[in-house]
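Engineer: Below is the file start_16.cif, which contains mmCIF, C-alpha atoms.
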data_protein
loop_
_atom_site.group_PDB
_atom_site.id
_atom_site.type_symbol
_atom_site.label_atom_id
_atom_site.label_comp_id
_atom_site.auth_asym_id
_atom_site.auth_seq_id
_atom_site.Cartn_x
_atom_site.Cartn_y
_atom_site.Cartn_z
ATOM 1 C CA MET A 1 15.289 66.935 43.422
ATOM 2 C CA GLU A 2 12.252 65.633 41.637
ATOM 3 C CA GLN A 3 12.311 65.957 37.891
ATOM 4 C CA SER A 4 9.234 66.163 35.729
ATOM 5 C CA ARG A 5 8.657 63.212 33.425
ATOM 6 C CA LYS A 6 8.303 64.519 29.911
ATOM 7 C CA ARG A 7 7.912 62.563 26.759
ATOM 8 C CA ALA A 8 11.041 62.610 24.638
ATOM 9 C CA LYS A 9 10.728 64.700 21.521
ATOM 10 C CA PRO A 10 11.260 63.051 18.147
ATOM 11 C CA GLY A 11 14.966 62.919 17.316
ATOM 12 C CA ARG A 12 16.130 62.894 20.970
ATOM 13 C CA ASN A 13 17.876 59.693 22.045
ATOM 14 C CA PRO A 14 16.457 58.504 25.399
ATOM 15 C CA GLY A 15 19.014 55.705 25.769
ATOM 16 C CA SER A 16 21.754 55.870 28.368
ATOM 17 C CA VAL A 17 25.428 55.854 27.514
ATOM 18 C CA GLY A 18 27.125 52.462 27.718
ATOM 19 C CA ARG A 19 23.930 50.421 27.685
ATOM 20 C CA THR A 20 24.310 46.678 27.245
ATOM 21 C CA SER A 21 20.708 45.637 26.552
ATOM 22 C CA ARG A 22 19.193 45.377 23.078
ATOM 23 C CA PRO A 23 17.142 48.491 22.096
ATOM 24 C CA ARG A 24 13.431 47.720 22.045
ATOM 25 C CA GLN A 25 10.695 48.789 19.676
ATOM 26 C CA ALA A 26 9.116 50.782 22.509
ATOM 27 C CA GLU A 27 12.247 52.953 22.655
ATOM 28 C CA VAL A 28 12.187 53.436 18.886
ATOM 29 C CA ALA A 29 8.540 54.502 19.177
ATOM 30 C CA GLN A 30 9.347 56.955 21.979
ATOM 31 C CA LEU A 31 12.219 58.480 20.049
ATOM 32 C CA ALA A 32 10.199 58.759 16.826
ATOM 33 C CA GLY A 33 7.094 60.069 18.615
ATOM 34 C CA VAL A 34 4.810 57.343 17.245
ATOM 35 C CA SER A 35 3.035 54.278 18.583
ATOM 36 C CA GLN A 36 4.789 50.925 18.957
ATOM 37 C CA ALA A 37 2.306 49.433 16.495
ATOM 38 C CA THR A 38 3.496 51.917 13.871
ATOM 39 C CA VAL A 39 7.104 50.972 14.560
ATOM 40 C CA SER A 40 6.243 47.298 14.159
ATOM 41 C CA LEU A 41 4.561 47.923 10.808
ATOM 42 C CA VAL A 42 7.471 49.961 9.480
ATOM 43 C CA LEU A 43 10.285 47.687 10.700
ATOM 44 C CA SER A 44 8.587 44.487 9.544
ATOM 45 C CA ALA A 45 8.413 45.930 6.015
ATOM 46 C CA ARG A 46 4.799 44.863 5.651
ATOM 47 C CA THR A 47 3.113 45.556 2.339
ATOM 48 C CA ASP A 48 -0.526 45.129 3.316
ATOM 49 C CA GLY A 49 -3.136 47.857 3.621
ATOM 50 C CA LYS A 50 -2.224 48.775 7.205
ATOM 51 C CA ALA A 51 1.363 49.536 6.307
ATOM 52 C CA ALA A 52 0.243 51.531 3.272
ATOM 53 C CA THR A 53 -1.522 54.062 5.540
ATOM 54 C CA ILE A 54 1.782 55.186 7.087
ATOM 55 C CA SER A 55 3.129 58.359 5.522
ATOM 56 C CA GLU A 56 6.614 58.473 4.070
ATOM 57 C CA GLU A 57 7.582 61.173 6.598
ATOM 58 C CA THR A 58 6.551 58.932 9.505
ATOM 59 C CA ARG A 59 8.311 55.951 7.980
ATOM 60 C CA GLU A 60 11.571 57.873 7.628
ATOM 61 C CA ARG A 61 11.278 59.142 11.205
ATOM 62 C CA VAL A 62 10.905 55.590 12.497
ATOM 63 C CA LEU A 63 13.851 54.348 10.444
ATOM 64 C CA ASP A 64 16.022 57.266 11.587
ATOM 65 C CA ALA A 65 15.147 56.524 15.212
ATOM 66 C CA ALA A 66 15.965 52.845 14.764
ATOM 67 C CA ARG A 67 19.340 53.682 13.251
ATOM 68 C CA SER A 68 20.061 56.182 15.989
ATOM 69 C CA LEU A 69 19.412 53.588 18.704
ATOM 70 C CA GLY A 70 21.182 50.791 16.854
ATOM 71 C CA TYR A 71 17.981 48.749 16.791
ATOM 72 C CA VAL A 72 18.143 45.379 15.019
ATOM 73 C CA HIS A 73 15.454 42.748 14.610
ATOM 74 C CA ASP A 74 15.407 39.843 17.051
ATOM 75 C CA PRO A 75 15.361 36.870 14.622
ATOM 76 C CA ALA A 76 13.974 34.518 17.263
ATOM 77 C CA ALA A 77 11.059 36.842 17.981
ATOM 78 C CA ARG A 78 10.296 37.347 14.294
ATOM 79 C CA ARG A 79 10.339 33.625 13.640
ATOM 80 C CA LEU A 80 8.141 32.955 16.648
ATOM 81 C CA ALA A 81 5.596 35.481 15.427
ATOM 82 C CA ALA A 82 5.619 33.897 11.977
ATOM 83 C CA ALA A 83 5.192 30.369 13.465
ATOM 84 C CA ARG A 84 8.281 29.241 11.525
ATOM 85 C CA ASN A 85 11.994 29.766 11.903
ATOM 86 C CA ASN A 86 13.486 29.099 8.442
ATOM 87 C CA LEU A 87 15.577 26.273 9.867
ATOM 88 C CA LEU A 88 15.915 22.964 8.018
ATOM 89 C CA GLY A 89 17.078 20.029 10.103
ATOM 90 C CA VAL A 90 19.458 17.325 8.878
ATOM 91 C CA PHE A 91 19.464 14.245 11.138
ATOM 92 C CA SER A 92 22.182 11.617 10.743
ATOM 93 C CA PHE A 93 21.834 8.182 12.358
ATOM 94 C CA THR A 94 25.548 7.552 11.916
ATOM 95 C CA ALA A 95 28.157 8.537 14.495
ATOM 96 C CA THR A 96 30.186 10.473 11.921
ATOM 97 C CA PHE A 97 28.490 12.965 9.648
ATOM 98 C CA PRO A 98 29.118 11.789 6.050
ATOM 99 C CA THR A 99 31.094 14.665 4.531
ATOM 100 C CA ASP A 100 33.810 12.716 2.692
ATOM 101 C CA VAL A 101 33.511 13.260 -1.064
ATOM 102 C CA GLN A 102 33.595 9.474 -1.596
ATOM 103 C CA HIS A 103 30.626 8.931 0.708
ATOM 104 C CA SER A 104 27.377 8.044 -1.056
ATOM 105 C CA TYR A 105 25.504 10.783 0.811
ATOM 106 C CA TYR A 106 27.945 13.536 -0.165
ATOM 107 C CA PRO A 107 26.165 14.657 -3.388
ATOM 108 C CA PHE A 108 22.850 14.645 -1.527
ATOM 109 C CA LEU A 109 24.285 16.931 1.153
ATOM 110 C CA VAL A 110 25.764 19.306 -1.418
ATOM 111 C CA GLY A 111 22.349 19.589 -3.034
ATOM 112 C CA VAL A 112 20.664 20.132 0.331
ATOM 113 C CA GLU A 113 23.023 22.981 1.191
ATOM 114 C CA GLN A 114 22.641 24.676 -2.178
ATOM 115 C CA GLU A 115 18.845 24.451 -2.213
ATOM 116 C CA ALA A 116 18.532 25.571 1.420
ATOM 117 C CA ALA A 117 20.651 28.648 0.686
ATOM 118 C CA ALA A 118 18.590 29.428 -2.426
ATOM 119 C CA ARG A 119 15.378 29.289 -0.385
ATOM 120 C CA GLY A 120 16.710 31.332 2.538
ATOM 121 C CA TYR A 121 16.967 28.456 5.023
ATOM 122 C CA ASP A 122 19.687 27.758 7.572
ATOM 123 C CA LEU A 123 20.706 24.149 8.243
ATOM 124 C CA VAL A 124 20.743 22.565 11.699
ATOM 125 C CA LEU A 125 22.620 19.295 12.213
ATOM 126 C CA PHE A 126 21.153 16.691 14.556
ATOM 127 C CA THR A 127 22.993 13.437 15.232
ATOM 128 C CA GLY A 128 21.566 10.144 16.405
ATOM 129 C CA SER A 129 24.620 9.567 18.599
ATOM 130 C CA SER A 130 24.235 12.783 20.620
ATOM 131 C CA ALA A 131 21.262 11.623 22.693
ATOM 132 C CA GLY A 132 19.284 8.428 23.093
ATOM 133 C CA GLY A 133 16.012 7.421 24.641
ATOM 134 C CA PRO A 134 12.519 7.115 23.221
ATOM 135 C CA ASP A 135 12.273 10.822 22.383
ATOM 136 C CA ALA A 136 15.609 11.171 20.585
ATOM 137 C CA LEU A 137 13.944 12.545 17.453
ATOM 138 C CA SER A 138 11.819 15.104 19.274
ATOM 139 C CA ARG A 139 14.673 17.622 18.982
ATOM 140 C CA VAL A 140 14.093 17.971 15.253
ATOM 141 C CA ARG A 141 10.845 19.833 15.950
ATOM 142 C CA LEU A 142 13.007 22.907 16.575
ATOM 143 C CA ALA A 143 13.238 23.150 12.783
ATOM 144 C CA ASP A 144 10.494 23.657 10.190
ATOM 145 C CA GLY A 145 11.185 20.216 8.748
ATOM 146 C CA CYS A 146 13.926 17.589 8.697
ATOM 147 C CA LEU A 147 15.899 15.389 6.320
ATOM 148 C CA PHE A 148 17.053 12.009 7.647
ATOM 149 C CA LEU A 149 20.210 10.131 6.679
ATOM 150 C CA GLY A 150 21.137 6.550 7.523
ATOM 151 C CA ARG A 151 19.632 3.075 7.377
ATOM 152 C CA HIS A 152 18.916 2.420 11.021
ATOM 153 C CA ALA A 153 16.097 4.869 11.625
ATOM 154 C CA PRO A 154 13.691 4.179 14.515
ATOM 155 C CA GLY A 155 10.400 3.485 12.797
ATOM 156 C CA ALA A 156 8.127 4.248 15.753
ATOM 157 C CA GLU A 157 9.566 7.725 16.324
ATOM 158 C CA LEU A 158 9.522 8.558 12.622
ATOM 159 C CA GLY A 159 5.948 7.331 12.514
ATOM 160 C CA ARG A 160 4.945 9.797 15.225
ATOM 161 C CA LEU A 161 6.505 12.673 13.296
ATOM 162 C CA VAL A 162 4.648 11.662 10.138
ATOM 163 C CA ALA A 163 1.357 11.216 12.014
ATOM 164 C CA ASP A 164 1.735 14.700 13.524
ATOM 165 C CA GLY A 165 2.165 16.216 10.077
ATOM 166 C CA PHE A 166 5.782 17.249 10.685
ATOM 167 C CA PRO A 167 7.593 17.590 7.311
ATOM 168 C CA VAL A 168 10.024 14.666 7.046
ATOM 169 C CA VAL A 169 12.024 13.356 4.077
ATOM 170 C CA HIS A 170 14.297 10.302 4.116
ATOM 171 C CA LEU A 171 17.392 10.384 1.892
ATOM 172 C CA GLY A 172 17.854 6.959 0.317
ATOM 173 C CA ARG A 173 15.386 4.183 -0.486
ATOM 174 C CA ARG A 174 14.296 1.793 2.249
ATOM 175 C CA GLU A 175 11.177 0.002 3.379
ATOM 176 C CA GLU A 176 9.583 3.335 4.174
ATOM 177 C CA LEU A 177 6.736 4.016 6.545
ATOM 178 C CA GLU A 178 3.399 4.839 4.992
ATOM 179 C CA GLY A 179 3.235 8.575 4.372
ATOM 180 C CA LEU A 180 6.995 9.114 4.714
ATOM 181 C CA ALA A 181 8.486 10.891 1.691
ATOM 182 C CA TRP A 182 11.889 9.776 0.427
ATOM 183 C CA VAL A 183 14.463 10.750 -2.179
ATOM 184 C CA GLY A 184 16.933 8.213 -3.555
ATOM 185 C CA ALA A 185 19.262 7.504 -6.435
ATOM 186 C CA ASP A 186 18.247 5.305 -9.375
ATOM 187 C CA TYR A 187 20.494 2.402 -8.377
ATOM 188 C CA VAL A 188 18.985 0.060 -10.984
ATOM 189 C CA SER A 189 19.939 2.202 -13.971
ATOM 190 C CA ALA A 190 23.304 3.161 -12.472
ATOM 191 C CA SER A 191 24.325 -0.453 -11.808
ATOM 192 C CA ARG A 192 23.225 -1.547 -15.262
ATOM 193 C CA ALA A 193 25.255 1.286 -16.829
ATOM 194 C CA VAL A 194 28.365 0.263 -14.866
ATOM 195 C CA VAL A 195 28.130 -3.318 -16.136
ATOM 196 C CA GLU A 196 27.662 -2.191 -19.730
ATOM 197 C CA HIS A 197 30.655 0.154 -19.400
ATOM 198 C CA LEU A 198 32.884 -2.622 -18.043
ATOM 199 C CA ALA A 199 31.802 -4.971 -20.819
ATOM 200 C CA ALA A 200 32.590 -2.289 -23.421
ATOM 201 C CA LEU A 201 36.103 -2.116 -21.977
ATOM 202 C CA GLY A 202 36.551 -5.841 -22.684
ATOM 203 C CA HIS A 203 35.893 -7.344 -19.252
ATOM 204 C CA ARG A 204 34.272 -10.772 -19.416
ATOM 205 C CA ARG A 205 33.975 -11.698 -15.734
ATOM 206 C CA ILE A 206 32.080 -9.092 -13.749
ATOM 207 C CA VAL A 207 31.142 -9.680 -10.105
ATOM 208 C CA LEU A 208 28.888 -7.728 -7.743
ATOM 209 C CA VAL A 209 30.024 -7.717 -4.110
ATOM 210 C CA ARG A 210 27.182 -6.530 -1.894
ATOM 211 C CA GLU A 211 26.463 -6.335 1.790
ATOM 212 C CA ASP A 212 24.678 -9.277 3.341
ATOM 213 C CA ASP A 213 21.406 -7.516 3.989
ATOM 214 C CA ASP A 214 18.012 -7.052 2.416
ATOM 215 C CA ALA A 215 18.083 -3.268 2.168
ATOM 216 C CA PRO A 216 16.078 -2.023 -0.831
ATOM 217 C CA ALA A 217 19.087 -0.047 -2.092
ATOM 218 C CA SER A 218 21.227 -3.199 -2.159
ATOM 219 C CA THR A 219 18.443 -5.121 -3.895
ATOM 220 C CA ASP A 220 18.107 -2.354 -6.493
ATOM 221 C CA ARG A 221 21.849 -2.488 -7.221
ATOM 222 C CA GLN A 222 21.709 -6.248 -7.702
ATOM 223 C CA ARG A 223 18.712 -5.972 -9.989
ATOM 224 C CA GLY A 224 20.480 -3.423 -12.195
ATOM 225 C CA PHE A 225 23.647 -5.524 -12.166
ATOM 226 C CA LEU A 226 21.838 -8.645 -13.368
ATOM 227 C CA GLU A 227 19.977 -6.668 -16.024
ATOM 228 C CA GLY A 228 23.334 -5.351 -17.216
ATOM 229 C CA LEU A 229 24.805 -8.855 -17.428
ATOM 230 C CA ALA A 230 21.835 -9.997 -19.479
ATOM 231 C CA ALA A 231 22.175 -7.006 -21.803
ATOM 232 C CA VAL A 232 25.833 -7.814 -22.590
ATOM 233 C CA SER A 233 25.295 -11.612 -22.569
ATOM 234 C CA ALA A 234 27.774 -12.059 -19.698
ATOM 235 C CA ASP A 235 27.821 -14.915 -17.202
ATOM 236 C CA ALA A 236 25.131 -14.480 -14.543
ATOM 237 C CA GLY A 237 25.854 -17.696 -12.637
ATOM 238 C CA PRO A 238 25.662 -18.153 -8.847
ATOM 239 C CA ARG A 239 29.119 -16.622 -8.317
ATOM 240 C CA ALA A 240 28.188 -13.390 -10.115
ATOM 241 C CA VAL A 241 26.798 -11.964 -6.864
ATOM 242 C CA LEU A 242 28.663 -12.307 -3.564
ATOM 243 C CA ARG A 243 26.984 -11.367 -0.290
ATOM 244 C CA CYS A 244 29.273 -10.700 2.645
ATOM 245 C CA ALA A 245 29.558 -8.696 5.863
ATOM 246 C CA ASP A 246 32.754 -6.949 4.716
ATOM 247 C CA PRO A 247 32.586 -6.214 0.959
ATOM 248 C CA ALA A 248 36.026 -4.572 0.850
ATOM 249 C CA ARG A 249 37.740 -7.677 2.250
ATOM 250 C CA GLU A 250 35.822 -9.936 -0.108
ATOM 251 C CA VAL A 251 36.890 -7.894 -3.125
ATOM 252 C CA THR A 252 40.531 -8.333 -2.115
ATOM 253 C CA ALA A 253 40.088 -12.108 -1.785
ATOM 254 C CA GLU A 254 38.398 -12.365 -5.171
ATOM 255 C CA ARG A 255 41.181 -10.651 -7.084
ATOM 256 C CA VAL A 256 42.950 -12.942 -9.510
#
Have the structure of the file written as structure tokens, please.
Structural biologist:
Amino acid sequence: MEQSRKRAKPGRNPGSVGRTSRPRQAEVAQLAGVSQATVSLVLSARTDGKAATISEETRERVLDAARSLGYVHDPAARRLAAARNNLLGVFSFTATFPTDVQHSYYPFLVGVEQEAAARGYDLVLFTGSSAGGPDALSRVRLADGCLFLGRHAPGAELGRLVADGFPVVHLGRREELEGLAWVGADYVSASRAVVEHLAALGHRRIVLVREDDDAPASTDRQRGFLEGLAAVSADAGPRAVLRCADPAREVTAERV
């Protein structure tokens, strides 16, 4: 028996029982008796002139239809339409994500999480150990921007991101690429303050044990350390700074 195809009247649910697919805006429009463009304006909560032309009665009808169908926004579709997805990437070049409270990156990560939440962003973790190859960093383009952790960052790949205008920030001070923003701690002042504190406690022999590298952060710590020794008139001879591959082992050997 052939049935006539009639448009559903406003307030009548055209959906079938036990459906598994997500209700679409076209179904909300059919149920509310309005155009899909009107549904889009109402459900996107736009405040421009176009949305202002929709009457309150029509708006309520659309919202009632959406509730009746169980319609919810598709976040991926909304983000695609807005050309952004409110995702902030965090890329770690270390095999283990630094979440221990004693790790130097821990306070940075706490601040990142708090600020991202305050600005309505979700965090996405990328790890340098999860995939290699020349395009390892291309995955971060899934996010609106990315923060990078770790010393051993591939300069060429970071350079391409910067050249393309992709928002990138490096956590920690290094020999940064031109145009690459970075955020780091004031290691000079902190190291100087540590030396002055130890001297105030009565210590007369103070030694800095640093890694055997030329990383700017290590150089900054040594600079602050030597400034602190000069400020308290402590010995700054050749044995005041020890460079070694394993600082923890060297500290043990130096104990008196």
Engineer: I'd like the neighbourhood of Arg204 of chain A as number ranges by chain, where a residue qualifies if any of its atoms comes within 9 Å (using all atoms listed in the file), though same-chain residues fewer than 2 positions away should be ignored.
Structural biologist: A: 198-199, 202, 206, 234-235
Engineer: Taking the file as shown, what set of residues would the PyMOL selection byres ((chain A and resi 181) around 8) give back, as a list in words?
Structural biologist: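 Evaluating the PyMOL selection byres ((chain A and resi 181) around 8) on this file yields Val168, Val169, His170, Gly179, Leu180, Trp182 and Val183 of chain A.
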Engineer: Around (23.6, -5.7, 6.6), as given in the file, which residues come within 10 Å? Count all atoms listed in the file and list them as a list in words.
Structural biologist: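 It turns out the residues near that spot are Arg151, Arg210, Glu211, Asp212, Asp213, Asp214, Ala215, Ser218, Arg243, Cys244, Ala245 and Asp246 of chain A.
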Engineer: Go through A:Gly159, A:Gly89, A:Gly165, A:Gly228 one by one, measure the shortest atom-to-atom distance of each to Arg139 of chain A using only C-alpha atoms, and give the residue with the smallest value.
Structural biologist: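 Comparing A:Gly159, A:Gly89, A:Gly165, A:Gly228 against Arg139 of chain A, the winner is A:Gly89.
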Engineer: Considering all atoms listed in the file, return as a list of chain:residue names whatever protein or nucleic-acid residues lie within 12 Å of His203 of chain A, sequence-local ones (same chain, fewer than 5 positions apart) excluded.
Structural biologist: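 Surrounding residues, per the criterion: A:Val194, A:Val195, A:Glu196, A:His197, A:Leu198, A:Leu229, A:Val232, A:Ser233, A:Ala234, A:Asp235.
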Engineer: Within 10 Å of Phe166 of chain A, counting all atoms listed in the file, which residues show up once you throw out same-chain ones fewer than 5 positions away? Write them as an mmCIF file with C-alpha atoms, keeping the file's coordinate frame, please.
Structural biologist:
data_model
loop_
_atom_site.group_PDB
_atom_site.id
_atom_site.type_symbol
_atom_site.label_atom_id
_atom_site.label_comp_id
_atom_site.auth_asym_id
_atom_site.auth_seq_id
_atom_site.Cartn_x
_atom_site.Cartn_y
_atom_site.Cartn_z
ATOM 1 C CA VAL A 140 14.093 17.971 15.253
ATOM 2 C CA ARG A 141 10.845 19.833 15.950
ATOM 3 C CA ALA A 143 13.238 23.150 12.783
ATOM 4 C CA ASP A 144 10.494 23.657 10.190
ATOM 5 C CA GLY A 145 11.185 20.216 8.748
ATOM 6 C CA CYS A 146 13.926 17.589 8.697
ATOM 7 C CA LEU A 158 9.522 8.558 12.622
ATOM 8 C CA ARG A 160 4.945 9.797 15.225
ATOM 9 C CA LEU A 161 6.505 12.673 13.296
#
Engineer: List, as a list in words, every residue that the PyMOL selection byres ((chain A and resi 118-127) around 7) selects in the file provided.
Structural biologist: Asn86, Leu87, Leu88, Gly89, Val90, Phe91, Ser92, Phe93, Gln114, Glu115, Ala116, Ala117, Gly128, Ser129 and Ser130 of chain A
Engineer: What gap, in Å, lies between atom CA of Leu137 of chain A and atom CA of Asp220 of chain A?
Structural biologist: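 So the two atoms, atom CA of Leu137 of chain A and atom CA of Asp220 of chain A, lie 28.5 Å apart.
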Engineer: Name all residues at most 12 Å from Arg59 of chain A (count all atoms listed in the file; drop same-chain ones fewer than 6 positions away) and give them as a ChimeraX atom specification.
Structural biologist: /A:28-29,32-35,38-46,51-53,65-66
Engineer: Save out the residues we just selected, C-alpha atoms, as a PDB file, in the frame of the given file.
Structural biologist:
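part.pdb, freshly written:
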ATOM      1  CA  VAL A  28      12.187  53.436  18.886  1.00  0.00           C
ATOM      2  CA  ALA A  29       8.540  54.502  19.177  1.00  0.00           C
ATOM      3  CA  ALA A  32      10.199  58.759  16.826  1.00  0.00           C
ATOM      4  CA  GLY A  33       7.094  60.069  18.615  1.00  0.00           C
ATOM      5  CA  VAL A  34       4.810  57.343  17.245  1.00  0.00           C
ATOM      6  CA  SER A  35       3.035  54.278  18.583  1.00  0.00           C
ATOM      7  CA  THR A  38       3.496  51.917  13.871  1.00  0.00           C
ATOM      8  CA  VAL A  39       7.104  50.972  14.560  1.00  0.00           C
ATOM      9  CA  SER A  40       6.243  47.298  14.159  1.00  0.00           C
ATOM     10  CA  LEU A  41       4.561  47.923  10.808  1.00  0.00           C
ATOM     11  CA  VAL A  42       7.471  49.961   9.480  1.00  0.00           C
ATOM     12  CA  LEU A  43      10.285  47.687  10.700  1.00  0.00           C
ATOM     13  CA  SER A  44       8.587  44.487   9.544  1.00  0.00           C
ATOM     14  CA  ALA A  45       8.413  45.930   6.015  1.00  0.00           C
ATOM     15  CA  ARG A  46       4.799  44.863   5.651  1.00  0.00           C
ATOM     16  CA  ALA A  51       1.363  49.536   6.307  1.00  0.00           C
ATOM     17  CA  ALA A  52       0.243  51.531   3.272  1.00  0.00           C
ATOM     18  CA  THR A  53      -1.522  54.062   5.540  1.00  0.00           C
ATOM     19  CA  ALA A  65      15.147  56.524  15.212  1.00  0.00           C
ATOM     20  CA  ALA A  66      15.965  52.845  14.764  1.00  0.00           C
TER      21      ALA A  66
END
Engineer: Taking the file as shown, what set of residues would the PyMOL selection byres ((chain A and resi 207) around 6) give back, as a VMD selection string?
Structural biologist: chain A and resid 206 208 240 to 241
Engineer: Atom CA of Glu227 of chain A and atom CA of Tyr106 of chain A are how many Å apart?
Structural biologist: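 Taking atom CA of Glu227 of chain A as the start and atom CA of Tyr106 of chain A as the end point, the length is 26.9 Å.
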Engineer: Mind giving me the straight-line distance from atom CA of Ser138 of chain A to atom CA of Pro154 of chain A in Å, one decimal?
Structural biologist: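 Calculated distance between atom CA of Ser138 of chain A and atom CA of Pro154 of chain A is 12.1 Å.
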Engineer: Which residues are near Val188 of chain A? Cut-off 8 Å, only C-alpha atoms, ignore same chain within fewer than 5 positions. Put them as number ranges by chain.
Structural biologist: A: 220-225
